[in-house]
Structure formats: C-alpha cells, structure tokens
Amino acid sequence: MRPEAQVASGGWGRRLRAVREAGCLLLVALVPAVVVWVWHPGARVDAGSTDGVSVAVVRQWPAETVLWVDARNEDEYRAGHLPGALSLPEARWEQQLPVVLEKWLPELRVVVYCGGQACQASQRVARRLREDLGAEEVYYLEGGYEAWRREVGR
Amino acid sequence: VTSVKALLLLLVAGLFMWAGVAKALDPVAAAQEVANYRLVGPGLATALAVYLPWLEIVVALALGVRRTQGGALLLSGILYGLFIAALASAWGRGLDIACGCFGAGGGTGNYGLWIGRNLLLLGVITVLARQWCADRLPGFGGRLATTPARG
C-alpha cells in the first residue's frame with residue numbers, strides 16, 4: 001500500500017500496523033537472546049547466585065574462618081564496623097582490594113555486609129569478589145550491619 | 001523541522017543501542033541489576049537480562065527504518081513506561097540500588113534523576129509517535145506522505 005493510501009485509511013490502520021510490527025520486533029529480539037542463552041555459559045547463572053547468609057548462620061562459624069568485608073562508604077565504616085572487618089566500598093575498589101587480598105586465604109569464608117536490608121552494595125561487592133578472587137565461599141550478610149547490631153548487640 | 005525530528009529519532013535510537021549493547025556484553029551483571037529491583041525471581045531476572053538488551057538493540061535499529069518505526073516507537077514507549085514504574089517502585093520501597101539503565105555500575109539511589117530522564121525521553125517518544133501517526137517521520141526506506149493524516 002502506498003503511503004498516501006495508508007494515511008488516507010486513517011490513524012487506526014497505522015496504529016494496528018504498529019502493534020503488528022511491535023509483535024514482530026519482539027520475536028526478532030528473541031532469536032539472538034536464545035542464541036546467547038544457549039551458547040553463553042555465564043548467561044544462565046541465576047542472578048543472586050552470590051549466596052546470602054544470615055547472622056545466625058555466620059555466628060555458628062568459627063570466627064577465625066570468616067573474613068568480614070564492609071561494603072559501606074568510608075564514613076559509615078569509620079563510625080562503626082564489625083570487629084576485624086576490612087573496608088571495601090565500590091567507590092574505592094582499586095585502592096582497597098589489595099588490602100583485602102593481603103588478608104584473604106582460599107580457606108576463609110568471605111562475608112560482605114552493607115547497611116541493612118534495603119542496600120544492595122554487599123551483593124554487588126560479593127559478586128565482584130567472586131569474580132576477582134575466583135573464590136567459592138563469598139557470601140553477603142542478610143540484613144547487613146543493622147541485622148548484626150540487632151541480633152548481636154554491638 | 002525534519003532534521004530536528006531526525007535528531008530526536010537518532011537520540012532515542014542511540015540511547016537504546018547504548019543501553020542494549022552495554023547490557024548484552026555482560027548478561028551476568030545485567031541479571032544482578034534486574035534482580036536488585038526485587039520485582040521478579042532470580043530465574044526470570046536472568047531471562048529478562050538476556051532478552052531485554054537484544055530487544056533494545058532491535059528497537060534501536062528498527063527506529064531508523066520507516067517500515068518498522070511504528071512498532072519500534074510503540075515498544076520504546078512501553079519499555080520506558082515499565083522502566084519508570086520499576087524505578088518508582090524501588091524508590092518507594094527504599095531500595096539502595098543502581099539504575100542498571102546502561103549496564104552495571106554507576107551510582108545508587110539517584111531515583112529523581114533517573115525517573116526525570118526517562119520521563120523526558122518518554123515525552124520525546126510520544127512526540128515522535130504522533131509524528132509517525134501523521135506519517136511525518138524521516139527514516140530509511142519508503143518516503144514521506146505528502147498529505148497529513150486525519151484522525
């Protein structure tokens with residue numbers, strides 16, 4: 001159909017055509033997505049595969065087997081942190097990662113925490129640590145620093 | 001006027017392409033960003049993180065072709081509407097997360113800025129969609145109608 005004829009047929013015809021085109025585009029995008037899904041091994045790793053761990057569980061682990069990492073900003077860290085925790089905010093990753101590497105041993109469990117339930121920095125930092133260290137046992141603390149203070153009281 | 005419309009079209013297409021490529025290059029990080037919104041489970045977040053970047057790339061390309069502009073504009077509007085709703089929801093729940101708009105990284109919690117930017121782009125898309133309805137939008141292939149649409 002020539003453009004002039006399409007215009008003359010009114011706006012609804014064009015809108016219906018837009019819906020059909022949108023459907024086609026949704027299907028077209030499915031093709032590369034399926035290819036990536038099948039061929040990219042990392043793509044099927046579930047989001048959130050960096051494990052969360054509760055305060056109660058961490059407290060059952062021997063203290064010497066846990067390396068605490070604080071993902072909050074420097075001011076929050078200075079204001080108070082878990083005993084022995086190393087500061088590793090995302091904004092200072094390059095500067096602080098060597099400090100963590102100095103203390104890290106493959107047999108240690110790394111537990112990353114941030115402010116509380118709403119913050120996501122601990123999950124992001126834990127994921128980056130998994131990638132950079134190649135470590136299996138990297139966890140984020142569910143409920144973060146707030147949960148720890150609430151349950152342990154310090 | 002046509003060159004202004006072409007520039008706006010290029011802006012929207014460019015942003016979709018940038019967002020799509022950035023996320024398609026790192027689907028694992030993109031999945032984490034989607035999961036951070038806590039609107040869907042990890043499995044669906046992973047699937048969305050693989051599919052959405054390619055949809056954004058396809059929409060970016062389709063915006064430049066007259067034959068597919070209508071569908072691309074419709075999807076652009078729906079996607080931006082969904083992004084705005086997701087951001088507003090995360091803001092309302094007090095989540096301290098990154099936007100994830102252009103891949104992993106970036107600051108967290110700038111909801112006002114992100115929603116404002118997306119609303120602006122949704123406005124641009126609406127203007128372009130109205131122009132498309134009147135068959136006055138430039139693009140590759142076909143040619144512009146000489147008479148404006150009625151209705």
# chains A, B, ... in the order shown; residues from 1 in each chain; ligands from 1
call {"tool": "residues_around", "arguments": {"residues": "range 89-96 of chain B", "least_positions_apart": "3", "cutoff": "9 Å", "atoms": "only C-alpha atoms", "output": "list of chain:residue names"}}
result
A:Gln117, A:Ala118, A:Cys119, A:Gln120, A:Ala121, B:Asn36, B:Tyr37, B:Arg38, B:Leu39, B:Ile84, B:Ala85, B:Ala86, B:Thr108, B:Gly109, B:Tyr111, B:Gly112
call {"tool": "closest_atom_pairs", "arguments": {"of": "chain B", "to": "chain A", "cutoff": "7 Å", "atoms": "only C-alpha atoms", "output": "JSON lines"}}
result
{"residue": "B:Pro27", "atom": "CA", "partner": "A:Ala43", "partner_atom": "CA", "distance": 5.5}
{"residue": "B:Val28", "atom": "CA", "partner": "A:Ala43", "partner_atom": "CA", "distance": 5.6}
{"residue": "B:Ala31", "atom": "CA", "partner": "A:Ala47", "partner_atom": "CA", "distance": 5.1}
{"residue": "B:Gln32", "atom": "CA", "partner": "A:Ala47", "partner_atom": "CA", "distance": 4.8}
{"residue": "B:Ala35", "atom": "CA", "partner": "A:Ala47", "partner_atom": "CA", "distance": 6.1}
{"residue": "B:Asn36", "atom": "CA", "partner": "A:Gln120", "partner_atom": "CA", "distance": 6.9}
{"residue": "B:Pro42", "atom": "CA", "partner": "A:Ala47", "partner_atom": "CA", "distance": 5.0}
{"residue": "B:Gly43", "atom": "CA", "partner": "A:Asp46", "partner_atom": "CA", "distance": 5.8}
{"residue": "B:Ala45", "atom": "CA", "partner": "A:Ala47", "partner_atom": "CA", "distance": 6.5}
{"residue": "B:Thr46", "atom": "CA", "partner": "A:Asp46", "partner_atom": "CA", "distance": 5.7}
{"residue": "B:Val50", "atom": "CA", "partner": "A:Ala33", "partner_atom": "CA", "distance": 5.8}
{"residue": "B:Tyr51", "atom": "CA", "partner": "A:Ala33", "partner_atom": "CA", "distance": 5.0}
{"residue": "B:Trp54", "atom": "CA", "partner": "A:Ala29", "partner_atom": "CA", "distance": 5.4}
{"residue": "B:Leu55", "atom": "CA", "partner": "A:Ala29", "partner_atom": "CA", "distance": 4.9}
{"residue": "B:Val58", "atom": "CA", "partner": "A:Ala29", "partner_atom": "CA", "distance": 6.0}
{"residue": "B:Thr68", "atom": "CA", "partner": "A:Glu21", "partner_atom": "CA", "distance": 6.1}
{"residue": "B:Gly70", "atom": "CA", "partner": "A:Ala18", "partner_atom": "CA", "distance": 4.4}
{"residue": "B:Gly71", "atom": "CA", "partner": "A:Ala22", "partner_atom": "CA", "distance": 3.9}
{"residue": "B:Ala72", "atom": "CA", "partner": "A:Ala22", "partner_atom": "CA", "distance": 6.1}
{"residue": "B:Leu74", "atom": "CA", "partner": "A:Ala22", "partner_atom": "CA", "distance": 6.7}
{"residue": "B:Leu75", "atom": "CA", "partner": "A:Ala22", "partner_atom": "CA", "distance": 6.1}
{"residue": "B:Gly94", "atom": "CA", "partner": "A:Ala118", "partner_atom": "CA", "distance": 6.3}
{"residue": "B:Leu95", "atom": "CA", "partner": "A:Ala118", "partner_atom": "CA", "distance": 4.7}
{"residue": "B:Asp96", "atom": "CA", "partner": "A:Cys119", "partner_atom": "CA", "distance": 4.7}
{"residue": "B:Ile97", "atom": "CA", "partner": "A:Gln120", "partner_atom": "CA", "distance": 5.8}
{"residue": "B:Cys133", "atom": "CA", "partner": "A:Gly11", "partner_atom": "CA", "distance": 6.2}
{"residue": "B:Asp135", "atom": "CA", "partner": "A:Val7", "partner_atom": "CA", "distance": 7.0}
{"residue": "B:Ala145", "atom": "CA", "partner": "A:Glu4", "partner_atom": "CA", "distance": 5.4}
{"residue": "B:Ala149", "atom": "CA", "partner": "A:Val7", "partner_atom": "CA", "distance": 5.0}
{"residue": "B:Arg150", "atom": "CA", "partner": "A:Gly10", "partner_atom": "CA", "distance": 6.0}
{"residue": "B:Gly151", "atom": "CA", "partner": "A:Gly11", "partner_atom": "CA", "distance": 5.5}
call {"tool": "residues_around", "arguments": {"residues": "Pro106 in chain A", "least_positions_apart": "3", "cutoff": "10 Å", "atoms": "only C-alpha atoms", "output": "list in words"}}
result
Arg109, Val110, Leu133, Gly134, Ala135, Glu136 and Glu137 of chain A
call {"tool": "write_last_selection", "arguments": {"atoms": "C-alpha atoms", "output": "PDB file, in the first residue's frame"}}
result
ATOM      1  CA  ARG A 109      34.762 -17.653  54.124  1.00  0.00           C
ATOM      2  CA  VAL A 110      34.297 -14.075  52.973  1.00  0.00           C
ATOM      3  CA  LEU A 133      39.296 -13.761  43.650  1.00  0.00           C
ATOM      4  CA  GLY A 134      37.827 -16.790  41.931  1.00  0.00           C
ATOM      5  CA  ALA A 135      36.642 -17.779  45.411  1.00  0.00           C
ATOM      6  CA  GLU A 136      33.684 -20.055  46.014  1.00  0.00           C
ATOM      7  CA  GLU A 137      32.847 -19.094  49.563  1.00  0.00           C
TER       8      GLU A 137
END
call {"tool": "residues_around", "arguments": {"residues": "Leu25 in chain B", "least_positions_apart": "4", "cutoff": "9 Å", "atoms": "only C-alpha atoms", "output": "list in words"}}
result
Gly20, Val21 and Gly103 of chain B
call {"tool": "closest_atom_pairs", "arguments": {"of": "range 96-146 of chain A", "to": "range 63-87 of chain A", "cutoff": "8 Å", "atoms": "only C-alpha atoms", "output": "tab-separated table"}}
result
residue	atom	partner	partner_atom	distance
A:Gln96	CA	A:Ser87	CA	7.0
A:Val99	CA	A:Leu86	CA	7.7
A:Val100	CA	A:Leu86	CA	6.6
A:Lys103	CA	A:Leu67	CA	7.9
A:Trp104	CA	A:Leu67	CA	7.2
A:Glu107	CA	A:Thr65	CA	7.4
A:Leu108	CA	A:Thr65	CA	5.0
A:Arg109	CA	A:Val66	CA	4.8
A:Val110	CA	A:Leu67	CA	4.7
A:Val111	CA	A:Trp68	CA	5.1
A:Val112	CA	A:Val69	CA	4.6
A:Tyr113	CA	A:Asp70	CA	5.3
A:Cys114	CA	A:Ala71	CA	5.1
A:Gly115	CA	A:Arg72	CA	6.5
A:Ala121	CA	A:Ala71	CA	6.1
A:Ser122	CA	A:Ala71	CA	5.5
A:Val125	CA	A:Ala71	CA	6.7
A:Tyr145	CA	A:His81	CA	7.8
call {"tool": "write_last_selection", "arguments": {"atoms": "N, CA, C and O atoms", "output": "mmCIF file, in the first residue's frame"}}
result
data_model
loop_
_atom_site.group_PDB
_atom_site.id
_atom_site.type_symbol
_atom_site.label_atom_id
_atom_site.label_comp_id
_atom_site.auth_asym_id
_atom_site.auth_seq_id
_atom_site.Cartn_x
_atom_site.Cartn_y
_atom_site.Cartn_z
ATOM 1 N N GLN A 96 41.270 -0.368 47.710
ATOM 2 C CA GLN A 96 41.063 -1.232 48.870
ATOM 3 C C GLN A 96 41.192 -2.729 48.577
ATOM 4 O O GLN A 96 41.425 -3.515 49.503
ATOM 5 N N VAL A 99 44.195 -4.514 49.957
ATOM 6 C CA VAL A 99 44.154 -4.712 51.415
ATOM 7 C C VAL A 99 43.403 -6.007 51.734
ATOM 8 O O VAL A 99 43.804 -6.787 52.599
ATOM 9 N N VAL A 100 42.309 -6.228 51.011
ATOM 10 C CA VAL A 100 41.530 -7.456 51.212
ATOM 11 C C VAL A 100 42.341 -8.671 50.761
ATOM 12 O O VAL A 100 42.384 -9.697 51.448
ATOM 13 N N LYS A 103 44.784 -10.085 53.249
ATOM 14 C CA LYS A 103 44.227 -10.861 54.369
ATOM 15 C C LYS A 103 43.523 -12.143 53.917
ATOM 16 O O LYS A 103 43.271 -13.032 54.725
ATOM 17 N N TRP A 104 43.171 -12.184 52.639
ATOM 18 C CA TRP A 104 42.361 -13.302 52.160
ATOM 19 C C TRP A 104 43.184 -14.578 51.972
ATOM 20 O O TRP A 104 44.308 -14.539 51.496
ATOM 21 N N GLU A 107 40.997 -20.706 52.099
ATOM 22 C CA GLU A 107 40.163 -21.494 53.030
ATOM 23 C C GLU A 107 39.203 -20.625 53.846
ATOM 24 O O GLU A 107 38.346 -21.146 54.565
ATOM 25 N N LEU A 108 39.328 -19.302 53.744
ATOM 26 C CA LEU A 108 38.452 -18.419 54.507
ATOM 27 C C LEU A 108 37.098 -18.241 53.820
ATOM 28 O O LEU A 108 36.999 -18.263 52.595
ATOM 29 N N ARG A 109 36.072 -18.048 54.650
ATOM 30 C CA ARG A 109 34.762 -17.653 54.124
ATOM 31 C C ARG A 109 34.702 -16.123 54.153
ATOM 32 O O ARG A 109 34.951 -15.529 55.200
ATOM 33 N N VAL A 110 34.402 -15.534 53.030
ATOM 34 C CA VAL A 110 34.297 -14.075 52.973
ATOM 35 C C VAL A 110 32.825 -13.701 53.147
ATOM 36 O O VAL A 110 31.966 -14.216 52.422
ATOM 37 N N VAL A 111 32.541 -12.847 54.121
ATOM 38 C CA VAL A 111 31.160 -12.386 54.332
ATOM 39 C C VAL A 111 31.132 -10.865 54.170
ATOM 40 O O VAL A 111 31.818 -10.144 54.895
ATOM 41 N N VAL A 112 30.363 -10.411 53.183
ATOM 42 C CA VAL A 112 30.290 -8.982 52.873
ATOM 43 C C VAL A 112 28.989 -8.431 53.449
ATOM 44 O O VAL A 112 27.940 -9.062 53.340
ATOM 45 N N TYR A 113 29.055 -7.264 54.058
ATOM 46 C CA TYR A 113 27.833 -6.651 54.569
ATOM 47 C C TYR A 113 27.770 -5.182 54.170
ATOM 48 O O TYR A 113 28.786 -4.553 53.879
ATOM 49 N N CYS A 114 26.549 -4.665 54.143
ATOM 50 C CA CYS A 114 26.361 -3.226 53.968
ATOM 51 C C CYS A 114 25.383 -2.767 55.041
ATOM 52 O O CYS A 114 25.262 -3.414 56.088
ATOM 53 N N GLY A 115 24.689 -1.652 54.809
ATOM 54 C CA GLY A 115 23.929 -1.029 55.885
ATOM 55 C C GLY A 115 22.784 -1.847 56.452
ATOM 56 O O GLY A 115 22.681 -2.035 57.658
ATOM 57 N N ALA A 121 24.669 -3.056 48.036
ATOM 58 C CA ALA A 121 26.117 -2.980 47.789
ATOM 59 C C ALA A 121 26.824 -4.276 48.169
ATOM 60 O O ALA A 121 27.755 -4.704 47.485
ATOM 61 N N SER A 122 26.379 -4.920 49.247
ATOM 62 C CA SER A 122 27.057 -6.144 49.682
ATOM 63 C C SER A 122 26.946 -7.239 48.616
ATOM 64 O O SER A 122 27.899 -7.978 48.391
ATOM 65 N N VAL A 125 29.346 -6.247 45.751
ATOM 66 C CA VAL A 125 30.742 -6.434 46.150
ATOM 67 C C VAL A 125 31.058 -7.930 46.243
ATOM 68 O O VAL A 125 32.117 -8.378 45.801
ATOM 69 N N TYR A 145 24.515 -4.715 58.374
ATOM 70 C CA TYR A 145 25.029 -4.259 59.672
ATOM 71 C C TYR A 145 23.900 -4.089 60.687
ATOM 72 O O TYR A 145 24.054 -4.418 61.870
#
call {"tool": "atom_distance", "arguments": {"atom1": "CA of Leu61 in chain B", "atom2": "CA of Ala6 in chain B"}}
result
13.8 Å
call {"tool": "select_by_dssp", "arguments": {"residues": "chain A", "states": "strand (DSSP E or B)", "output": "list in words"}}
result
Asp51, Gly52, Val53, Val66, Leu67, Trp68, Val69, Asp70, Leu86, Ser87, Arg109, Val110, Val111, Val112, Tyr113, Cys119, Val138, Tyr139, Tyr140 and Leu141 of chain A
call {"tool": "write_last_selection", "arguments": {"atoms": "N, CA and C atoms", "output": "PDB file, in the first residue's frame"}}
result
ATOM      1  N   ASP A  51      25.635 -16.105  47.341  1.00  0.00           N
ATOM      2  CA  ASP A  51      24.724 -16.546  48.386  1.00  0.00           C
ATOM      3  C   ASP A  51      24.589 -15.553  49.525  1.00  0.00           C
ATOM      4  N   GLY A  52      23.386 -15.447  49.998  1.00  0.00           N
ATOM      5  CA  GLY A  52      23.141 -14.683  51.209  1.00  0.00           C
ATOM      6  C   GLY A  52      23.250 -15.616  52.404  1.00  0.00           C
ATOM      7  N   VAL A  53      23.660 -15.070  53.518  1.00  0.00           N
ATOM      8  CA  VAL A  53      23.806 -15.876  54.728  1.00  0.00           C
ATOM      9  C   VAL A  53      23.301 -15.041  55.902  1.00  0.00           C
ATOM     10  N   VAL A  66      36.277 -16.711  59.181  1.00  0.00           N
ATOM     11  CA  VAL A  66      35.470 -15.693  58.484  1.00  0.00           C
ATOM     12  C   VAL A  66      36.285 -14.425  58.248  1.00  0.00           C
ATOM     13  N   LEU A  67      36.247 -13.943  57.021  1.00  0.00           N
ATOM     14  CA  LEU A  67      36.848 -12.646  56.704  1.00  0.00           C
ATOM     15  C   LEU A  67      35.704 -11.681  56.406  1.00  0.00           C
ATOM     16  N   TRP A  68      35.531 -10.686  57.283  1.00  0.00           N
ATOM     17  CA  TRP A  68      34.446  -9.721  57.112  1.00  0.00           C
ATOM     18  C   TRP A  68      34.869  -8.613  56.156  1.00  0.00           C
ATOM     19  N   VAL A  69      33.980  -8.272  55.262  1.00  0.00           N
ATOM     20  CA  VAL A  69      34.233  -7.162  54.337  1.00  0.00           C
ATOM     21  C   VAL A  69      33.071  -6.179  54.435  1.00  0.00           C
ATOM     22  N   ASP A  70      33.394  -4.928  54.675  1.00  0.00           N
ATOM     23  CA  ASP A  70      32.385  -3.880  54.852  1.00  0.00           C
ATOM     24  C   ASP A  70      32.234  -3.108  53.538  1.00  0.00           C
ATOM     25  N   LEU A  86      37.214  -5.496  56.990  1.00  0.00           N
ATOM     26  CA  LEU A  86      38.012  -4.665  56.092  1.00  0.00           C
ATOM     27  C   LEU A  86      37.066  -3.826  55.245  1.00  0.00           C
ATOM     28  N   SER A  87      37.427  -2.572  55.033  1.00  0.00           N
ATOM     29  CA  SER A  87      36.569  -1.683  54.242  1.00  0.00           C
ATOM     30  C   SER A  87      36.798  -1.913  52.754  1.00  0.00           C
ATOM     31  N   ARG A 109      36.072 -18.048  54.650  1.00  0.00           N
ATOM     32  CA  ARG A 109      34.762 -17.653  54.124  1.00  0.00           C
ATOM     33  C   ARG A 109      34.702 -16.123  54.153  1.00  0.00           C
ATOM     34  N   VAL A 110      34.402 -15.534  53.030  1.00  0.00           N
ATOM     35  CA  VAL A 110      34.297 -14.075  52.973  1.00  0.00           C
ATOM     36  C   VAL A 110      32.825 -13.701  53.147  1.00  0.00           C
ATOM     37  N   VAL A 111      32.541 -12.847  54.121  1.00  0.00           N
ATOM     38  CA  VAL A 111      31.160 -12.386  54.332  1.00  0.00           C
ATOM     39  C   VAL A 111      31.132 -10.865  54.170  1.00  0.00           C
ATOM     40  N   VAL A 112      30.363 -10.411  53.183  1.00  0.00           N
ATOM     41  CA  VAL A 112      30.290  -8.982  52.873  1.00  0.00           C
ATOM     42  C   VAL A 112      28.989  -8.431  53.449  1.00  0.00           C
ATOM     43  N   TYR A 113      29.055  -7.264  54.058  1.00  0.00           N
ATOM     44  CA  TYR A 113      27.833  -6.651  54.569  1.00  0.00           C
ATOM     45  C   TYR A 113      27.770  -5.182  54.170  1.00  0.00           C
ATOM     46  N   CYS A 119      19.898  -2.089  51.308  1.00  0.00           N
ATOM     47  CA  CYS A 119      21.087  -1.820  50.485  1.00  0.00           C
ATOM     48  C   CYS A 119      21.459  -3.065  49.680  1.00  0.00           C
ATOM     49  N   VAL A 138      32.065 -16.906  49.032  1.00  0.00           N
ATOM     50  CA  VAL A 138      31.851 -15.474  49.254  1.00  0.00           C
ATOM     51  C   VAL A 138      30.360 -15.280  49.467  1.00  0.00           C
ATOM     52  N   TYR A 139      29.994 -14.700  50.568  1.00  0.00           N
ATOM     53  CA  TYR A 139      28.579 -14.545  50.919  1.00  0.00           C
ATOM     54  C   TYR A 139      28.283 -13.079  51.211  1.00  0.00           C
ATOM     55  N   TYR A 140      26.994 -12.729  51.134  1.00  0.00           N
ATOM     56  CA  TYR A 140      26.603 -11.414  51.654  1.00  0.00           C
ATOM     57  C   TYR A 140      25.736 -11.641  52.888  1.00  0.00           C
ATOM     58  N   LEU A 141      25.830 -10.729  53.824  1.00  0.00           N
ATOM     59  CA  LEU A 141      25.111 -10.873  55.087  1.00  0.00           C
ATOM     60  C   LEU A 141      23.682 -10.362  54.925  1.00  0.00           C
TER      61      LEU A 141
END
call {"tool": "atom_distance", "arguments": {"atom1": "CA of Ala98 in chain B", "atom2": "CA of Ala147 in chain A"}}
result
22.3 Å
call {"tool": "closest_residue", "arguments": {"among": "B:Asn118, B:Gln131, B:Ser76, B:Thr2", "to": "Cys99 in chain B", "atoms": "only C-alpha atoms"}}
result
B:Asn118
call {"tool": "atom_distance", "arguments": {"atom1": "CA of Gly64 in chain B", "atom2": "CA of Leu120 in chain B"}}
result
20.2 Å
call {"tool": "residues_around", "arguments": {"residues": "Val127 in chain B", "least_positions_apart": "6", "cutoff": "12 Å", "atoms": "only C-alpha atoms", "output": "JSON, numbers by chain"}}
result
{"B": [4, 5, 8, 9, 12, 73, 74, 77, 120, 121, 133, 134, 136, 137]}
